[in-house]
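Since the structure comes first, as structure tokens, the remarks are kept for the end.
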Amino acid sequence: MESPGEVLARLGGWATFAELSGLTSRRAVAAALERGEVRRIALGIYAVPELPADLAAALAYDGVRSHLSAAKAWQLPLLVGPEKPHVTVPPNRHPRPGPAAVLHWAAVDADERRSRTTSLLRTVVDCARVLPFGEALAVADAALATGHLNHEELLAATDAMRGPGCPNARRTAVAAIGLSGSILESMLRALLIDEGIDGFEPQVTVTNGLFRARVDLGHRLARVALEADSFAFHGSRRDFTADCHRYDELVAAGWLVLRLTYEHIIGDPAWVVATIRAALAQRGCATGQEVSPAV
């Protein structure tokens, strides 16, 4: 017979006492609890000791992971992870005692109750309600990129929203696109939108003879490429050579390449904007919208 710990692991890390004792025995559950092989999360709820804190909080409050905690569960990118688990509990519910958490009150459906996590669509909408535009856009872009959420669904959901955060959520939905390659790329695109710099498209393909490469954000007419570079160590001479080859080929194809790091995009956005404007002006595009025919 399986031990209570083995049963919990097979069931996803947690179960009710009735489920657990039914598959083992009351005595086995009590013994496993005493040995520290299982733990009691709340009245009638047992889990493995290593159960993630956000899921444990959702179970403790008899709610579901939501907002930033749900985004983490869905493996959507967050600039900063939640300091406390975000848990949504049913309306008018007086919360039971539990661990430190950010509580929200709203109705949840049966699927969300079963998974103890808000749906992908709802997670994106909730994050768009509470996160700054750039961070919300990164979450929405990544969700669309999974293929499990389409743009029309997101637009409809934000149109139907009421209450605080609606303008930011609707703006996020309009701007979201499933082509973004990273959180930095999404946040760079959000910065361009905030500053009214138009003309840049995500994942633009550049060709030059046999050379073919995609740039994170490309202005086709101005031939300005923006690369949102995360920190990466070139572990070999081959990697470093390949990177230089790609950059040189882009320049040979007539593109001006700006490589922008996390420290630039997050730490010094004013410099990023000024540099991009200067690059566009150099190419005959003073506003980000008009380019001289000679370019």
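Each chain in the structure tokens gets a letter, A, B, ..., in the order shown, and its residues are numbered from 1; ligands are numbered from 1 in order too.
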message: Can you pull out the residues contacting A:Ala145? Cut-off 8 Å, using only C-alpha atoms, and skip same-chain residues under 4 positions away; I want them as a list in words.
response: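 Using only C-alpha atoms, the neighbours found are Asp141, Ile177, Gly178, Leu179 and Ser180 of chain A.
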Could you pull out all residues of stretch 13-154 of chain A with a DSSP call of strand (DSSP E or B) and give them as a PyMOL selection string? chain A and resi 14-16+39-42+45-47+64-65+86-89+102-105+117
Give me the residues near A:Trp105 as a PDB file with N, CA, C and O atoms, in the first residue's frame, where near means some atom within 8 Å (using only C-alpha atoms) and where sequence neighbours in that chain fewer than 6 positions away do not count.
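Writing done, so here's out-v2.pdb:
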ATOM      1  N   THR A  88      -7.433  34.667  -4.311  1.00  0.00           N
ATOM      2  CA  THR A  88      -8.803  35.156  -4.491  1.00  0.00           C
ATOM      3  C   THR A  88      -9.756  34.195  -3.796  1.00  0.00           C
ATOM      4  O   THR A  88      -9.702  32.979  -4.014  1.00  0.00           O
ATOM      5  N   VAL A  89     -10.609  34.754  -2.939  1.00  0.00           N
ATOM      6  CA  VAL A  89     -11.607  33.968  -2.207  1.00  0.00           C
ATOM      7  C   VAL A  89     -12.997  34.426  -2.644  1.00  0.00           C
ATOM      8  O   VAL A  89     -13.160  35.530  -3.162  1.00  0.00           O
ATOM      9  N   PRO A  90     -14.009  33.577  -2.478  1.00  0.00           N
ATOM     10  CA  PRO A  90     -15.363  33.941  -2.920  1.00  0.00           C
ATOM     11  C   PRO A  90     -15.871  35.209  -2.243  1.00  0.00           C
ATOM     12  O   PRO A  90     -15.469  35.528  -1.114  1.00  0.00           O
ATOM     13  N   PRO A  91     -16.763  35.945  -2.917  1.00  0.00           N
ATOM     14  CA  PRO A  91     -17.308  37.174  -2.337  1.00  0.00           C
ATOM     15  C   PRO A  91     -18.006  36.898  -1.002  1.00  0.00           C
ATOM     16  O   PRO A  91     -18.555  35.818  -0.778  1.00  0.00           O
ATOM     17  N   ASN A  92     -17.937  37.884  -0.133  1.00  0.00           N
ATOM     18  CA  ASN A  92     -18.614  37.821   1.165  1.00  0.00           C
ATOM     19  C   ASN A  92     -18.061  36.730   2.086  1.00  0.00           C
ATOM     20  O   ASN A  92     -18.660  36.415   3.116  1.00  0.00           O
ATOM     21  N   ARG A  93     -16.935  36.141   1.710  1.00  0.00           N
ATOM     22  CA  ARG A  93     -16.308  35.123   2.558  1.00  0.00           C
ATOM     23  C   ARG A  93     -15.461  35.808   3.618  1.00  0.00           C
ATOM     24  O   ARG A  93     -14.639  36.657   3.316  1.00  0.00           O
TER      25      ARG A  93
END
- If we count only C-alpha atoms, what is near stretch 27-39 of chain A at a cut-off of 9 Å, once residues fewer than 3 positions away on the same chain are taken out, given as a list of chain:residue names? A:Ser3, A:Pro4, A:Gly5, A:Leu8, A:Phe17, A:Leu20, A:Ser21, A:Thr24, A:Ile45, A:Tyr46, A:Ala47, A:Val48, A:Pro49
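We find atom CA of A:Leu103 and atom CA of A:Glu19 to be spaced 27.3 Å apart.
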Next on the checklist: Between atom CA of A:Ile266 and atom CA of A:Glu135, what distance in Å does the model show, to one decimal?
Outcome noted: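 It comes out at 10.7 Å.
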Got a sec: who's within 12 Å of A:Thr261, counting only C-alpha atoms, leaving out chain neighbours fewer than 2 positions off, as an NGL selection string? :A and (183-185 or 187-188 or 226-232 or 258-259 or 263-269 or 271-272)
Of A:Trp14, A:Phe133, A:Phe200, A:Phe211, the one nearest to A:Arg114 when counting only C-alpha atoms is A:Trp14
Original post:
Which polymer residues have any atom within 10 Å of an atom of A:Pro77, counting only C-alpha atoms, with same-chain residues fewer than 2 positions away left out, as number ranges by chain?
Top reply: A: 68, 71-72, 74-75, 79-81, 135-136, 138-143, 182-184
Based on the selection just made, write N, CA and C atoms of those residues as a short mmCIF file (atom, residue, chain, number, x, y, z; two decimals), in the first residue's frame.
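Dumped to selection-v6.cif:
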data_model
loop_
_atom_site.label_atom_id
_atom_site.label_comp_id
_atom_site.auth_asym_id
_atom_site.auth_seq_id
_atom_site.Cartn_x
_atom_site.Cartn_y
_atom_site.Cartn_z
N LEU A 68 -0.48 37.96 -9.42
CA LEU A 68 0.92 37.64 -9.65
C LEU A 68 1.25 36.19 -9.32
N ALA A 71 0.16 34.19 -12.23
CA ALA A 71 1.10 34.40 -13.33
C ALA A 71 2.34 33.54 -13.15
N LYS A 72 2.82 33.46 -11.93
CA LYS A 72 3.99 32.61 -11.62
C LYS A 72 3.65 31.15 -11.88
N TRP A 74 1.47 29.98 -13.97
CA TRP A 74 1.35 29.81 -15.43
C TRP A 74 2.69 30.02 -16.13
N GLN A 75 3.74 30.31 -15.37
CA GLN A 75 5.09 30.54 -15.90
C GLN A 75 5.12 31.74 -16.85
N LEU A 79 8.54 40.96 -13.67
CA LEU A 79 9.75 41.73 -13.38
C LEU A 79 10.17 41.51 -11.94
N VAL A 80 9.19 41.50 -11.04
CA VAL A 80 9.43 41.25 -9.61
C VAL A 80 8.36 40.26 -9.14
N GLY A 81 8.79 39.20 -8.52
CA GLY A 81 7.83 38.22 -8.01
C GLY A 81 7.06 38.77 -6.82
N GLU A 135 4.96 46.02 -17.31
CA GLU A 135 4.95 44.70 -16.72
C GLU A 135 3.70 43.93 -17.12
N ALA A 136 2.57 44.63 -17.18
CA ALA A 136 1.33 43.99 -17.61
C ALA A 136 1.41 43.54 -19.05
N ALA A 138 4.11 42.62 -20.65
CA ALA A 138 4.97 41.43 -20.71
C ALA A 138 4.19 40.17 -20.37
N VAL A 139 3.32 40.25 -19.37
CA VAL A 139 2.48 39.11 -18.99
C VAL A 139 1.52 38.77 -20.13
N ALA A 140 0.86 39.78 -20.70
CA ALA A 140 -0.10 39.55 -21.77
C ALA A 140 0.57 39.01 -23.02
N ASP A 141 1.71 39.58 -23.39
CA ASP A 141 2.45 39.10 -24.57
C ASP A 141 2.80 37.62 -24.42
N ALA A 142 3.31 37.25 -23.25
CA ALA A 142 3.73 35.88 -23.02
C ALA A 142 2.55 34.92 -23.04
N ALA A 143 1.41 35.37 -22.51
CA ALA A 143 0.22 34.52 -22.52
C ALA A 143 -0.26 34.27 -23.95
N SER A 182 10.70 38.18 -25.20
CA SER A 182 11.17 38.21 -23.81
C SER A 182 10.46 39.31 -23.06
N ILE A 183 10.58 39.27 -21.73
CA ILE A 183 10.00 40.32 -20.90
C ILE A 183 10.65 41.67 -21.20
N LEU A 184 11.97 41.68 -21.46
CA LEU A 184 12.65 42.94 -21.77
C LEU A 184 12.14 43.54 -23.07
#
Point to revise | Long-range neighbours of A:Arg116 as a ChimeraX atom specification, 12 Å cut-off, only C-alpha atoms, 3 positions minimum in chain | key: /A:12,14,54-66,69-70,73-74,86-89,108-113,119
query: Could you work out how far atom CA of A:Leu260 lies from atom CA of A:Ala190, giving the answer in Å with one decimal?
result: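 Interatomic distance here is 14.2 Å.
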Give me the stretch 40-133 of chain A side of the contact with stretch 154-172 of chain A, cut-off 8 Å, one line per residue showing its nearest atom pair and distance in Å at one decimal, counting only C-alpha atoms, sorted by chain and residue number, as JSON lines.
{"residue": "A:Leu121", "atom": "CA", "partner": "A:Leu154", "partner_atom": "CA", "distance": 6.7}
{"residue": "A:Val125", "atom": "CA", "partner": "A:Ala169", "partner_atom": "CA", "distance": 6.5}
{"residue": "A:Ala128", "atom": "CA", "partner": "A:Ala169", "partner_atom": "CA", "distance": 4.5}
{"residue": "A:Arg129", "atom": "CA", "partner": "A:Gly165", "partner_atom": "CA", "distance": 4.3}
{"residue": "A:Val130", "atom": "CA", "partner": "A:Gly165", "partner_atom": "CA", "distance": 6.3}
{"residue": "A:Pro132", "atom": "CA", "partner": "A:Asn168", "partner_atom": "CA", "distance": 7.8}
{"residue": "A:Phe133", "atom": "CA", "partner": "A:Asn168", "partner_atom": "CA", "distance": 6.4}
Preceding selection exported with N, CA and C atoms as a short mmCIF file (atom, residue, chain, number, x, y, z; two decimals), in the first residue's frame:
data_model
loop_
_atom_site.label_atom_id
_atom_site.label_comp_id
_atom_site.auth_asym_id
_atom_site.auth_seq_id
_atom_site.Cartn_x
_atom_site.Cartn_y
_atom_site.Cartn_z
N LEU A 121 -6.66 33.39 -19.00
CA LEU A 121 -7.27 34.67 -19.39
C LEU A 121 -7.48 35.56 -18.18
N VAL A 125 -5.81 39.29 -17.20
CA VAL A 125 -6.67 40.46 -16.93
C VAL A 125 -6.40 40.99 -15.52
N ALA A 128 -3.13 42.79 -15.50
CA ALA A 128 -3.24 44.06 -16.22
C ALA A 128 -3.97 45.11 -15.38
N ARG A 129 -4.76 44.67 -14.46
CA ARG A 129 -5.48 45.60 -13.58
C ARG A 129 -4.54 46.20 -12.53
N VAL A 130 -3.54 45.44 -12.07
CA VAL A 130 -2.75 45.89 -10.92
C VAL A 130 -1.30 46.23 -11.24
N PRO A 132 2.00 47.89 -13.46
CA PRO A 132 2.30 48.98 -14.39
C PRO A 132 2.21 48.48 -15.83
N PHE A 133 2.00 49.39 -16.76
CA PHE A 133 1.73 49.03 -18.16
C PHE A 133 2.80 48.10 -18.74
#
> Among stretch 110-243 of chain A, which ones does DSSP place in helix (DSSP H, G or I), written as a PyMOL selection string?
Replying inline: chain A and resi 110-115+120-130+133-145+151-159+166-175+183-194+237-243
